[in-house]
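Accompanying notes for the structure given below.
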Amino acid sequence: MGGKAEELLRKLEEVPDEVLEEVLRYEEELRRRAAASRSRRPFPSNEDVVEAIMEVSGGVLTRSNIDELYDAVIRRLEEKGFETRFVTESRFWRLVTSLVRKRRLKLRL
């Protein structure tokens with residue numbers, strides 16, 4: 001070992017045990033937080049919501065499916081692994097209205 005490595009080992013031996021334990025607890029907390037953030041589900045983008053609308057509705061909005069459409073799309077997004085708490089009804093209906101205006105979603109009421 002070189003001189004710097006020996007010096008580092010000597011200094012580490014001088015560090016009080018309480019300080020080393022505190023550093024280890026801090027590092028473990030950082031690892032735990034990093035692991036928890038990796039396991040979080042992603043939020044769906046507008047494109048993800050539109051894709052789910054098209055899948056659930058089949059591209060056609062009818063009297064029979066319009067009432068359950070929001071709940072069905074939320075279930076579909078959750079099946080895909082998305083966090084849906086920020087997919088509000090107003091955001092959802094704004095996207096549906098946009099799809100109807102662009103004629104990507106047909107109305108058969």
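The way I read the labels, and the way they are meant: chains A, B, ... in the order of the structure tokens, residue 1 as the first residue of every chain, and ligand 1 as the first ligand shown, with later ones counted on from there.
The environment of segment 101-106 of chain A within 6 Å, counting only C-alpha atoms and disregarding residues fewer than 3 places along the same chain, consists of Gly59, Val60, Leu61 and Ser98 of chain A.
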Output for the residues just chosen: C-alpha atoms as a short mmCIF file (atom, residue, chain, number, x, y, z; two decimals), in the first residue's frame:
```
data_model
loop_
_atom_site.label_atom_id
_atom_site.label_comp_id
_atom_site.auth_asym_id
_atom_site.auth_seq_id
_atom_site.Cartn_x
_atom_site.Cartn_y
_atom_site.Cartn_z
CA GLY A 59 -62.96 4.66 -31.07
CA VAL A 60 -66.72 5.11 -30.69
CA LEU A 61 -68.58 7.00 -27.96
CA SER A 98 -60.46 17.14 -28.07
#
```
### Task
Would you please give, as a ChimeraX atom specification, all residues of segment 8-53 of chain A that DSSP assigns to alpha helix (DSSP H) based on the backbone?
/A:8-14,17-38,46-53
### Query
Got a sec: who's within 12 Å of segment 72-81 of chain A, counting only C-alpha atoms, leaving out chain neighbours fewer than 6 positions off, as a VMD selection string?
chain A and resid 39 to 58 65 to 66 87 to 89 92 to 93 95 to 96
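Taking atom CA of Arg91 of chain A and atom CA of Tyr70 of chain A as the two end points, the separation is 10.5 Å.
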### Query
If you run DSSP on the backbone, which residues of chain A are strand (DSSP E), as a VMD selection string?
chain A and resid 60 to 62 106 to 108
Write out the residues from the selection above, keeping C-alpha atoms, as a PDB file, in the first residue's frame.
```
ATOM      1  CA  VAL A  60     -66.720   5.114 -30.686  1.00  0.00           C
ATOM      2  CA  LEU A  61     -68.576   6.996 -27.963  1.00  0.00           C
ATOM      3  CA  THR A  62     -72.134   5.699 -27.429  1.00  0.00           C
ATOM      4  CA  LYS A 106     -66.795   9.093 -33.195  1.00  0.00           C
ATOM      5  CA  LEU A 107     -70.057  10.041 -31.474  1.00  0.00           C
ATOM      6  CA  ARG A 108     -73.022   7.717 -31.801  1.00  0.00           C
TER       7      ARG A 108
END
```
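The coordinates place atom CA of Arg33 of chain A at 22.6 Å from atom CA of Glu18 of chain A.
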